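**Q** Structure: protein.pdb, PDB, C-alpha atoms.
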```pdb
ATOM      1  CA  MET A1044      97.394  93.013 109.377
ATOM      2  CA  ILE A1045      99.306  91.172 106.636
ATOM      3  CA  VAL A1046      96.876  89.087 104.558
ATOM      4  CA  LEU A1047      98.064  86.123 102.486
ATOM      5  CA  LYS A1048      95.789  85.113  99.610
ATOM      6  CA  SER A1049      94.566  81.618  98.804
ATOM      7  CA  ALA A1050      94.433  80.187  95.279
ATOM      8  CA  ALA A1051      90.726  81.054  95.152
ATOM      9  CA  ASP A1052      91.428  84.619  96.285
ATOM     10  CA  LEU A1053      94.076  85.041  93.601
ATOM     11  CA  GLN A1054      91.664  83.802  90.955
ATOM     12  CA  GLN A1055      89.214  86.538  91.933
ATOM     13  CA  MET A1056      91.986  89.141  91.884
ATOM     14  CA  ARG A1057      93.004  87.980  88.403
ATOM     15  CA  ALA A1058      89.437  88.636  87.245
ATOM     16  CA  ALA A1059      89.463  92.137  88.738
ATOM     17  CA  GLY A1060      92.905  92.741  87.251
ATOM     18  CA  ARG A1061      91.765  91.682  83.797
ATOM     19  CA  ILE A1062      88.901  94.173  83.881
ATOM     20  CA  LEU A1063      91.263  96.916  84.998
ATOM     21  CA  ALA A1064      93.805  96.119  82.277
ATOM     22  CA  GLU A1065      91.090  96.394  79.630
ATOM     23  CA  VAL A1066      89.943  99.742  81.017
ATOM     24  CA  LEU A1067      93.436 101.247  81.087
ATOM     25  CA  ALA A1068      94.190 100.001  77.582
ATOM     26  CA  GLU A1069      91.194 101.902  76.233
ATOM     27  CA  LEU A1070      91.886 105.048  78.256
ATOM     28  CA  ARG A1071      95.476 105.167  76.982
ATOM     29  CA  GLY A1072      94.161 105.300  73.433
ATOM     30  CA  MET A1073      91.749 108.103  74.321
ATOM     31  CA  ALA A1074      94.450 110.333  75.826
ATOM     32  CA  ARG A1075      94.845 112.740  72.906
ATOM     33  CA  PRO A1076      95.044 116.542  72.648
ATOM     34  CA  GLY A1077      91.617 118.050  73.298
ATOM     35  CA  MET A1078      90.323 115.151  75.408
ATOM     36  CA  ILE A1079      88.544 116.295  78.564
ATOM     37  CA  LEU A1080      89.637 114.475  81.713
ATOM     38  CA  ALA A1081      86.050 114.045  82.896
ATOM     39  CA  GLU A1082      85.326 112.118  79.682
ATOM     40  CA  LEU A1083      88.125 109.672  80.486
ATOM     41  CA  ASP A1084      86.586 109.205  83.910
ATOM     42  CA  ARG A1085      83.106 108.698  82.497
ATOM     43  CA  ARG A1086      84.351 106.037  80.093
ATOM     44  CA  ALA A1087      86.290 104.241  82.820
ATOM     45  CA  GLU A1088      83.238 103.961  85.054
ATOM     46  CA  GLU A1089      81.079 102.847  82.138
ATOM     47  CA  MET A1090      83.469 100.038  81.222
ATOM     48  CA  ILE A1091      83.881  98.878  84.817
ATOM     49  CA  VAL A1092      80.141  98.730  85.480
ATOM     50  CA  GLN A1093      79.474  96.964  82.164
ATOM     51  CA  ARG A1094      81.803  94.201  83.344
ATOM     52  CA  GLY A1095      79.909  93.644  86.580
ATOM     53  CA  ALA A1096      82.380  95.468  88.807
ATOM     54  CA  ARG A1097      82.592  98.869  90.457
ATOM     55  CA  PRO A1098      85.258 101.568  90.643
ATOM     56  CA  SER A1099      87.425 101.186  93.757
ATOM     57  CA  PHE A1100      88.292 104.876  93.942
ATOM     58  CA  LYS A1101      84.872 106.484  93.656
ATOM     59  CA  ASN A1102      83.624 107.585  97.102
ATOM     60  CA  TYR A1103      86.783 106.200  98.735
ATOM     61  CA  ARG A1104      87.684 108.204 101.829
ATOM     62  CA  PRO A1105      90.802 107.099 103.706
ATOM     63  CA  GLU A1106      91.565 108.420 107.156
ATOM     64  CA  GLY A1107      92.598 112.069 106.962
ATOM     65  CA  ALA A1108      91.009 112.771 103.583
ATOM     66  CA  PRO A1109      88.914 115.974 103.526
ATOM     67  CA  TYR A1110      86.097 114.285 101.582
ATOM     68  CA  ALA A1111      85.455 111.149  99.547
ATOM     69  CA  PHE A1112      87.222 110.920  96.218
ATOM     70  CA  PRO A1113      84.638 111.968  93.604
ATOM     71  CA  ALA A1114      85.783 110.030  90.532
ATOM     72  CA  SER A1115      86.568 106.564  89.174
ATOM     73  CA  ILE A1116      90.106 107.428  88.066
ATOM     74  CA  CYS A1117      92.886 109.655  89.269
ATOM     75  CA  ALA A1118      94.016 111.816  86.345
ATOM     76  CA  SER A1119      97.217 113.692  87.157
ATOM     77  CA  VAL A1120      98.843 115.968  84.556
ATOM     78  CA  ASN A1121     102.471 117.120  84.300
ATOM     79  CA  GLU A1122     103.642 118.255  87.771
ATOM     80  CA  GLU A1123     100.711 116.447  89.396
ATOM     81  CA  ILE A1124     102.066 113.218  90.885
ATOM     82  CA  VAL A1125      98.972 111.346  92.077
ATOM     83  CA  HIS A1126      95.313 111.709  93.066
ATOM     84  CA  GLY A1127      94.385 114.295  90.454
ATOM     85  CA  ILE A1128      90.618 114.797  90.214
ATOM     86  CA  PRO A1129      89.368 114.582  86.602
ATOM     87  CA  GLY A1130      87.316 117.622  85.645
ATOM     88  CA  SER A1131      86.915 120.041  82.742
ATOM     89  CA  ARG A1132      90.630 120.300  81.932
ATOM     90  CA  LYS A1133      91.512 119.487  78.313
ATOM     91  CA  LEU A1134      94.684 117.621  77.471
ATOM     92  CA  ARG A1135      97.253 119.505  75.424
ATOM     93  CA  GLU A1136     100.033 118.449  73.095
ATOM     94  CA  GLY A1137     103.083 117.587  75.191
ATOM     95  CA  ASP A1138     101.234 116.825  78.437
ATOM     96  CA  VAL A1139     102.309 113.917  80.633
ATOM     97  CA  LEU A1140      99.165 112.197  81.947
ATOM     98  CA  LYS A1141      99.041 109.690  84.788
ATOM     99  CA  ILE A1142      95.909 107.508  84.838
ATOM    100  CA  ASP A1143      95.439 105.520  88.058
ATOM    101  CA  CYS A1144      92.408 103.260  88.477
ATOM    102  CA  GLY A1145      91.068 100.571  90.774
ATOM    103  CA  VAL A1146      88.454  97.869  90.209
ATOM    104  CA  TYR A1147      86.424  96.019  92.853
ATOM    105  CA  HIS A1148      85.027  92.690  91.675
ATOM    106  CA  ASN A1149      83.614  89.753  93.670
ATOM    107  CA  GLY A1150      85.111  90.957  96.944
ATOM    108  CA  PHE A1151      88.589  91.930  95.745
ATOM    109  CA  HIS A1152      90.364  95.028  94.489
ATOM    110  CA  ALA A1153      92.976  95.449  91.763
ATOM    111  CA  ASP A1154      94.968  98.667  91.360
ATOM    112  CA  SER A1155      97.036  99.820  88.385
ATOM    113  CA  ALA A1156      98.345 102.986  86.720
ATOM    114  CA  VAL A1157      99.990 104.117  83.499
ATOM    115  CA  THR A1158     101.665 107.294  82.285
ATOM    116  CA  VAL A1159     100.855 108.506  78.785
ATOM    117  CA  GLY A1160     102.565 111.140  76.677
ATOM    118  CA  VAL A1161      99.898 113.250  74.956
ATOM    119  CA  GLY A1162     100.779 113.818  71.315
ATOM    120  CA  LYS A1163     104.411 114.764  70.776
ATOM    121  CA  ILE A1164     106.255 115.147  74.076
ATOM    122  CA  SER A1165     109.745 116.394  74.904
ATOM    123  CA  PRO A1166     112.712 113.998  74.953
ATOM    124  CA  ARG A1167     113.121 114.690  78.680
ATOM    125  CA  ALA A1168     109.485 113.753  79.345
ATOM    126  CA  GLN A1169     109.860 110.577  77.309
ATOM    127  CA  LYS A1170     112.987 109.630  79.250
ATOM    128  CA  LEU A1171     111.122 110.157  82.522
ATOM    129  CA  ILE A1172     108.285 107.899  81.357
ATOM    130  CA  ASP A1173     110.678 105.212  80.129
ATOM    131  CA  VAL A1174     112.729 105.235  83.324
ATOM    132  CA  THR A1175     109.621 105.046  85.502
ATOM    133  CA  GLN A1176     108.419 102.009  83.568
ATOM    134  CA  GLU A1177     111.864 100.461  84.070
ATOM    135  CA  CYS A1178     111.556 101.193  87.799
ATOM    136  CA  LEU A1179     108.332  99.208  87.971
ATOM    137  CA  ALA A1180     109.889  96.304  86.060
ATOM    138  CA  ALA A1181     112.871  96.286  88.442
ATOM    139  CA  ALA A1182     110.538  96.343  91.441
ATOM    140  CA  ILE A1183     108.453  93.457  90.105
ATOM    141  CA  GLU A1184     111.579  91.361  89.596
ATOM    142  CA  GLN A1185     112.197  91.560  93.363
ATOM    143  CA  VAL A1186     108.743  90.173  94.237
ATOM    144  CA  ARG A1187     109.933  86.701  95.179
ATOM    145  CA  PRO A1188     109.784  84.673  98.395
ATOM    146  CA  GLY A1189     112.724  85.436 100.654
ATOM    147  CA  LYS A1190     113.139  88.987  99.377
ATOM    148  CA  ARG A1191     112.315  91.956 101.607
ATOM    149  CA  PHE A1192     110.606  95.296 101.199
ATOM    150  CA  GLY A1193     113.959  97.055 101.153
ATOM    151  CA  ASP A1194     115.033  95.024  98.122
ATOM    152  CA  ILE A1195     112.083  96.423  96.163
ATOM    153  CA  GLY A1196     112.715 100.039  97.148
ATOM    154  CA  ALA A1197     116.439  99.743  96.495
ATOM    155  CA  ALA A1198     115.775  98.320  93.012
ATOM    156  CA  ILE A1199     113.604 101.329  92.159
ATOM    157  CA  GLN A1200     116.243 103.783  93.368
ATOM    158  CA  ALA A1201     118.964 101.953  91.450
ATOM    159  CA  VAL A1202     117.121 102.691  88.200
ATOM    160  CA  ALA A1203     115.751 106.181  88.868
ATOM    161  CA  GLU A1204     118.603 108.003  90.561
ATOM    162  CA  PRO A1205     121.469 107.186  88.156
ATOM    163  CA  ALA A1206     119.188 108.476  85.375
ATOM    164  CA  GLY A1207     118.990 111.851  87.129
ATOM    165  CA  PHE A1208     115.492 111.491  88.602
ATOM    166  CA  SER A1209     114.180 111.207  92.159
ATOM    167  CA  VAL A1210     111.854 108.765  93.921
ATOM    168  CA  VAL A1211     108.807 110.173  95.719
ATOM    169  CA  ARG A1212     109.063 109.234  99.385
ATOM    170  CA  GLN A1213     105.878 110.567 100.972
ATOM    171  CA  TYR A1214     103.584 108.256  98.970
ATOM    172  CA  THR A1215     104.157 104.529  98.726
ATOM    173  CA  SER A1216     103.263 101.169  97.243
ATOM    174  CA  HIS A1217     100.803  99.167  99.388
ATOM    175  CA  GLY A1218      99.034  95.940 100.097
ATOM    176  CA  VAL A1219      95.838  95.303  98.144
ATOM    177  CA  GLY A1220      93.133  92.629  98.182
ATOM    178  CA  ARG A1221      89.853  92.690 100.051
ATOM    179  CA  GLU A1222      90.739  96.294 100.883
ATOM    180  CA  LEU A1223      92.114  98.859  98.458
ATOM    181  CA  HIS A1224      94.924  99.654 100.902
ATOM    182  CA  GLU A1225      95.450  96.448 102.812
ATOM    183  CA  GLY A1226      97.810  95.773 105.676
ATOM    184  CA  PHE A1227     100.966  97.706 104.858
ATOM    185  CA  SER A1228     102.745 100.491 103.019
ATOM    186  CA  LEU A1229     105.893  99.718 101.042
ATOM    187  CA  PRO A1230     108.306 102.630 100.433
ATOM    188  CA  ASN A1231     109.595 102.975  96.881
ATOM    189  CA  TYR A1232     113.104 103.510  98.241
ATOM    190  CA  GLY A1233     115.167 101.563 100.753
ATOM    191  CA  GLU A1234     118.117  99.386 101.661
ATOM    192  CA  PRO A1235     118.545  95.825 100.368
ATOM    193  CA  GLY A1236     117.942  93.061 102.866
ATOM    194  CA  VAL A1237     115.816  95.042 105.304
ATOM    195  CA  GLY A1238     112.084  95.289 105.915
ATOM    196  CA  MET A1239     109.263  92.771 105.859
ATOM    197  CA  LEU A1240     109.908  89.354 104.345
ATOM    198  CA  LEU A1241     107.930  88.465 101.219
ATOM    199  CA  ARG A1242     105.864  85.283 101.416
ATOM    200  CA  PRO A1243     103.725  83.465  98.820
ATOM    201  CA  GLY A1244     100.157  84.778  98.827
ATOM    202  CA  LEU A1245     101.124  88.374  99.510
ATOM    203  CA  THR A1246      99.615  90.816  96.991
ATOM    204  CA  ILE A1247     101.150  94.236  96.444
ATOM    205  CA  ALA A1248     100.161  97.313  94.439
ATOM    206  CA  LEU A1249     103.614  98.387  93.299
ATOM    207  CA  GLU A1250     103.558 102.013  92.173
ATOM    208  CA  PRO A1251     106.847 103.877  91.819
ATOM    209  CA  MET A1252     106.309 107.621  91.420
ATOM    210  CA  ILE A1253     109.353 109.262  89.857
ATOM    211  CA  ASN A1254     110.005 113.002  89.660
ATOM    212  CA  GLU A1255     112.013 114.932  87.111
ATOM    213  CA  GLY A1256     113.400 117.157  89.857
ATOM    214  CA  VAL A1257     113.386 116.906  93.650
ATOM    215  CA  TYR A1258     111.341 114.257  95.453
ATOM    216  CA  GLY A1259     109.473 116.760  97.626
ATOM    217  CA  THR A1260     105.707 117.059  97.265
ATOM    218  CA  ARG A1261     102.929 119.537  97.946
ATOM    219  CA  LEU A1262      99.174 119.045  98.384
ATOM    220  CA  LYS A1263      96.898 121.279  96.319
ATOM    221  CA  ARG A1264      93.950 123.159  97.776
ATOM    222  CA  ASP A1265      91.481 120.512  96.617
ATOM    223  CA  GLY A1266      92.831 118.302  99.416
ATOM    224  CA  TRP A1267      93.627 115.386  97.097
ATOM    225  CA  THR A1268      95.946 116.320  94.237
ATOM    226  CA  VAL A1269      99.648 115.904  95.028
ATOM    227  CA  VAL A1270     102.165 117.913  92.968
ATOM    228  CA  THR A1271     105.936 118.137  92.764
ATOM    229  CA  LYS A1272     107.409 120.716  95.116
ATOM    230  CA  ASP A1273     109.477 122.310  92.337
ATOM    231  CA  GLY A1274     106.779 122.205  89.646
ATOM    232  CA  LYS A1275     108.654 119.741  87.445
ATOM    233  CA  LEU A1276     107.212 116.655  85.775
ATOM    234  CA  SER A1277     106.326 113.377  87.466
ATOM    235  CA  ALA A1278     105.505 109.900  86.134
ATOM    236  CA  GLN A1279     103.883 106.810  87.652
ATOM    237  CA  PHE A1280     103.363 103.173  86.690
ATOM    238  CA  GLU A1281     101.606 100.575  88.810
ATOM    239  CA  HIS A1282     100.698  96.891  88.755
ATOM    240  CA  THR A1283      99.062  94.612  91.292
ATOM    241  CA  VAL A1284     101.534  91.772  91.786
ATOM    242  CA  ALA A1285     101.314  88.480  93.704
ATOM    243  CA  VAL A1286     104.177  86.735  95.459
ATOM    244  CA  THR A1287     104.178  83.088  94.384
ATOM    245  CA  THR A1288     106.488  80.184  95.215
ATOM    246  CA  ASP A1289     108.512  81.153  92.157
ATOM    247  CA  ALA A1290     108.278  84.117  89.762
ATOM    248  CA  PRO A1291     106.067  87.146  90.490
ATOM    249  CA  GLU A1292     102.584  87.115  88.944
ATOM    250  CA  ILE A1293     101.311  90.394  87.518
ATOM    251  CA  LEU A1294      97.549  90.432  88.042
ATOM    252  CA  THR A1295      96.778  93.635  86.111
ATOM    253  CA  ARG A1296      98.110  93.059  82.618
ATOM    254  CA  LEU A1297      96.361  91.731  79.545
ATOM    255  CA  ASP A1298      98.903  89.143  78.401
TER     256      ASP A1298
END
```
If you took the structure in this file and wrote it as structure tokens, what would it be?

**A**
Amino acid sequence: MIVLKSAADLQQMRAAGRILAEVLAELRGMARPGMILAELDRRAEEMIVQRGARPSFKNYRPEGAPYAFPASICASVNEEIVHGIPGSRKLREGDVLKIDCGVYHNGFHADSAVTVGVGKISPRAQKLIDVTQECLAAAIEQVRPGKRFGDIGAAIQAVAEPAGFSVVRQYTSHGVGRELHEGFSLPNYGEPGVGMLLRPGLTIALEPMINEGVYGTRLKRDGWTVVTKDGKLSAQFEHTVAVTTDAPEILTRLD
């Protein structure tokens, strides 16, 4: 079911988004060589709870999942695309870390992700991160009434593929609001002018996942962590964005 949000709903989502933006800002600064992923997760949960909210991801079990997700963040390193489980792994110089987090506050979820280069990273890794951030910006620009899902996916492809990267196809952007995954999936690739029409009040977790090599994926034995099929790097950025009567509103940024 497609759910359109009222002004009051959007105000609650802004509050959840603000909390999430503060959490991710701190975690980005903590992502240094030697940092243990479980410590990032512990700090995320601590900050979320201190702000009167709860982690959206912890104990989340979508249909088909082997067990509930055990952490407050997804921490995916290098060839890991999404859904990495934070544990005892220590970050190393040159790693590419994806931090994905959700916050549930006063009945609504917000969902956002960043990619961080740990210490000094390779020029190729930096280009991948930069292009993925550009993909998200291009996608957000399409979040306007009268546009369609295909316009968003096509905008992502138009940035990623000419740069020599590929767009993950098996995992998608999605609706978000009272549910963490609400109402629809939105492919991060597509044809302009096709797909569902965007209407004011629609809220979308836009999350392009861009691979250094091929777009194929593989699921690790833990049943959650998704990795690139060829073992090459992946990057991800995500914002929760609202369709308004005019320009898109990003609900998960600080400014």

**Q** I would like the residues chosen by the PyMOL selection byres ((chain A and resi 1220) around 6) on the shown file; could you give them as a PyMOL selection string?

**A** chain A and resi 1151-1152+1219+1221-1222

**Q** So which residues touch Val1269 in chain A within 7 Å, counting all atoms listed in the file, skipping near sequence neighbours fewer than 4 positions away, as an MDAnalysis selection string?

**A** chainID A and resid 1123:1126 1260:1263

**Q** Pick out the closest residue to Lys1170 in chain A from this set: A:Ala1278, A:Leu1063, A:Val1046, A:Cys1117. Count all atoms listed in the file.

**A**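 Looking only at the distances to Lys1170 in chain A, the closest residue turns out to be A:Ala1278.
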
**Q** Work out how far apart CA of Leu1241 in chain A and CA of Thr1287 in chain A are and give it in Å to one decimal.

**A** 9.5 Å

**Q** Mind checking which residues fall within 9 Å of Val1159 in chain A, counting all atoms listed in the file, ignoring those fewer than 4 positions away in the same chain, and posting them as a VMD selection string?

**A** chain A and resid 1071 1074 1138 to 1142 1172 1278

**Q** What is the CA of Glu1204 in chain A-CA of Cys1178 in chain A distance in Å, reported with one decimal?

**A**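 Between CA of Glu1204 in chain A and CA of Cys1178 in chain A the gap is 10.2 Å.
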
**Q** Just give me the gap between CA of Gly1145 in chain A and CA of Val1186 in chain A in Å, one decimal is fine.

**A**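 Straight-line distance from CA of Gly1145 in chain A to CA of Val1186 in chain A works out to 20.8 Å.
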
**Q** Between A:Ala1114, A:Ala1087, A:Gln1200, A:Val1120, which is the closest to Gly1274 in chain A once you count all atoms listed in the file?

**A** A:Val1120

**Q** Name the residues in contact with Tyr1232 in chain A at a cut-off of 7 Å, using all atoms listed in the file, excluding same-chain residues fewer than 6 positions from it; report them as a list in words.

**A**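 Contacts, in chain order: Gly1196, Ala1197, Ile1199, Gln1200 and Val1210 of chain A.
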
**Q** Using all atoms listed in the file, find the one residue out of A:Ala1081, A:Ile1195, A:Ala1285, A:Leu1047 that sits nearest to Val1237 in chain A.

**A** A:Ile1195

**Q** Please provide the set of residues having any atom within 12 Å of Pro1291 in chain A, restricted to only C-alpha atoms, with same-chain residues fewer than 3 positions apart removed, written as a list in words.

**A**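 With the cut-off at 12 Å, the set is Ala1180, Ala1181, Ala1182, Ile1183, Glu1184, Gln1185, Val1186, Arg1187, Pro1188, Lys1190, Leu1241, Arg1242, Pro1243, Gly1244, Leu1245, Thr1246, Ile1247, Leu1249, His1282, Thr1283, Val1284, Ala1285, Val1286, Thr1287, Thr1288 and Leu1294 of chain A.
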
**Q** Under the rule that all atoms listed in the file are counted, which of A:Glu1082, A:Trp1267, A:Thr1215, A:Thr1158 is the nearest residue to Pro1109 in chain A?

**A**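 Looking only at the distances to Pro1109 in chain A, the closest residue turns out to be A:Trp1267.
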
**Q** Would you write out, as a PyMOL selection string, every residue that the PyMOL selection byres ((chain A and resi 1191) around 6) captures in this file?

**A** chain A and resi 1190+1192-1194+1236-1241

**Q** So that I can look at just that part, could you write range 1191-1297 of chain A with C-alpha atoms, as a short mmCIF file (atom, residue, chain, number, x, y, z; two decimals), in the first residue's frame?

**A**
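decode_34.cif, written as the output of this step:
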```cif
data_model
loop_
_atom_site.label_atom_id
_atom_site.label_comp_id
_atom_site.auth_asym_id
_atom_site.auth_seq_id
_atom_site.Cartn_x
_atom_site.Cartn_y
_atom_site.Cartn_z
CA ARG A 1191 8.21 8.63 -11.93
CA PHE A 1192 10.25 5.88 -10.34
CA GLY A 1193 12.05 5.27 -13.61
CA ASP A 1194 13.30 8.86 -13.66
CA ILE A 1195 15.06 8.27 -10.33
CA GLY A 1196 16.69 5.00 -11.40
CA ALA A 1197 17.75 6.43 -14.75
CA ALA A 1198 19.37 9.43 -13.03
CA ILE A 1199 21.45 7.11 -10.85
CA GLN A 1200 22.59 5.06 -13.85
CA ALA A 1201 23.45 8.20 -15.80
CA VAL A 1202 26.00 9.12 -13.12
CA ALA A 1203 27.39 5.71 -12.18
CA GLU A 1204 27.81 3.92 -15.48
CA PRO A 1205 29.70 6.59 -17.48
CA ALA A 1206 32.15 6.71 -14.55
CA GLY A 1207 32.88 3.00 -15.04
CA PHE A 1208 30.84 1.66 -12.11
CA SER A 1209 27.71 -0.49 -11.88
CA VAL A 1210 24.39 -0.12 -10.06
CA VAL A 1211 23.30 -2.93 -7.74
CA ARG A 1212 19.99 -4.29 -9.01
CA GLN A 1213 18.98 -6.95 -6.50
CA TYR A 1214 18.60 -4.48 -3.61
CA THR A 1215 16.58 -1.30 -3.90
CA SER A 1216 15.43 2.00 -2.45
CA HIS A 1217 12.07 1.77 -0.63
CA GLY A 1218 9.17 3.50 1.00
CA VAL A 1219 9.62 4.44 4.66
CA GLY A 1220 7.38 5.91 7.36
CA ARG A 1221 5.35 4.06 9.94
CA GLU A 1222 7.14 0.95 8.68
CA LEU A 1223 10.85 0.66 7.95
CA HIS A 1224 10.05 -0.77 4.52
CA GLU A 1225 6.72 0.73 3.61
CA GLY A 1226 4.60 0.10 0.55
CA PHE A 1227 7.06 -0.25 -2.32
CA SER A 1228 10.54 -0.96 -3.61
CA LEU A 1229 12.18 1.49 -6.01
CA PRO A 1230 14.94 0.10 -8.27
CA ASN A 1231 18.10 2.18 -8.48
CA TYR A 1232 18.10 1.74 -12.26
CA GLY A 1233 15.40 2.24 -14.87
CA GLU A 1234 13.95 4.06 -17.85
CA PRO A 1235 12.80 7.69 -17.71
CA GLY A 1236 9.07 8.26 -17.73
CA VAL A 1237 8.03 4.82 -16.50
CA GLY A 1238 6.98 3.45 -13.13
CA MET A 1239 4.89 4.84 -10.30
CA LEU A 1240 4.04 8.53 -10.30
CA LEU A 1241 5.45 10.62 -7.46
CA ARG A 1242 2.91 12.54 -5.39
CA PRO A 1243 3.32 15.01 -2.50
CA GLY A 1244 3.42 13.21 0.84
CA LEU A 1245 5.33 10.21 -0.45
CA THR A 1246 8.45 9.44 1.60
CA ILE A 1247 11.30 7.42 0.13
CA ALA A 1248 14.54 5.98 1.51
CA LEU A 1249 16.76 6.56 -1.50
CA GLU A 1250 19.85 4.37 -1.29
CA PRO A 1251 21.94 3.84 -4.42
CA MET A 1252 24.46 1.03 -3.97
CA ILE A 1253 27.28 1.33 -6.50
CA ASN A 1254 29.88 -1.34 -7.25
CA GLU A 1255 33.42 -0.92 -8.52
CA GLY A 1256 33.00 -3.96 -10.75
CA VAL A 1257 29.97 -5.98 -11.83
CA TYR A 1258 26.55 -5.42 -10.28
CA GLY A 1259 26.09 -9.05 -9.25
CA THR A 1260 25.79 -9.89 -5.56
CA ARG A 1261 26.26 -12.84 -3.23
CA LEU A 1262 24.87 -13.53 0.25
CA LYS A 1263 27.37 -14.56 2.92
CA ARG A 1264 26.85 -17.53 5.22
CA ASP A 1265 25.58 -15.32 8.05
CA GLY A 1266 22.36 -14.94 6.05
CA TRP A 1267 22.46 -11.13 6.11
CA THR A 1268 25.67 -9.68 4.68
CA VAL A 1269 25.55 -9.01 0.93
CA VAL A 1270 28.87 -8.82 -0.97
CA THR A 1271 29.91 -8.06 -4.52
CA LYS A 1272 30.03 -11.12 -6.74
CA ASP A 1273 33.54 -10.29 -7.98
CA GLY A 1274 34.97 -9.23 -4.61
CA LYS A 1275 35.48 -5.61 -5.64
CA LEU A 1276 34.54 -2.53 -3.62
CA SER A 1277 31.04 -1.15 -3.11
CA ALA A 1278 29.72 2.16 -1.77
CA GLN A 1279 26.33 3.34 -0.52
CA PHE A 1280 24.69 6.63 0.44
CA GLU A 1281 21.11 7.03 1.62
CA HIS A 1282 18.68 9.75 2.68
CA THR A 1283 15.02 9.69 3.61
CA VAL A 1284 13.37 12.16 1.25
CA ALA A 1285 9.83 13.56 1.05
CA VAL A 1286 7.99 14.52 -2.11
CA THR A 1287 6.53 18.00 -1.62
CA THR A 1288 4.56 20.29 -3.93
CA ASP A 1289 7.88 21.76 -5.01
CA ALA A 1290 11.49 20.79 -4.23
CA PRO A 1291 12.38 17.52 -2.48
CA GLU A 1292 12.84 17.69 1.30
CA ILE A 1293 15.70 15.68 2.77
CA LEU A 1294 14.57 14.52 6.21
CA THR A 1295 17.87 12.98 7.36
CA ARG A 1296 20.43 15.76 7.13
CA LEU A 1297 21.58 18.21 9.77
#
```
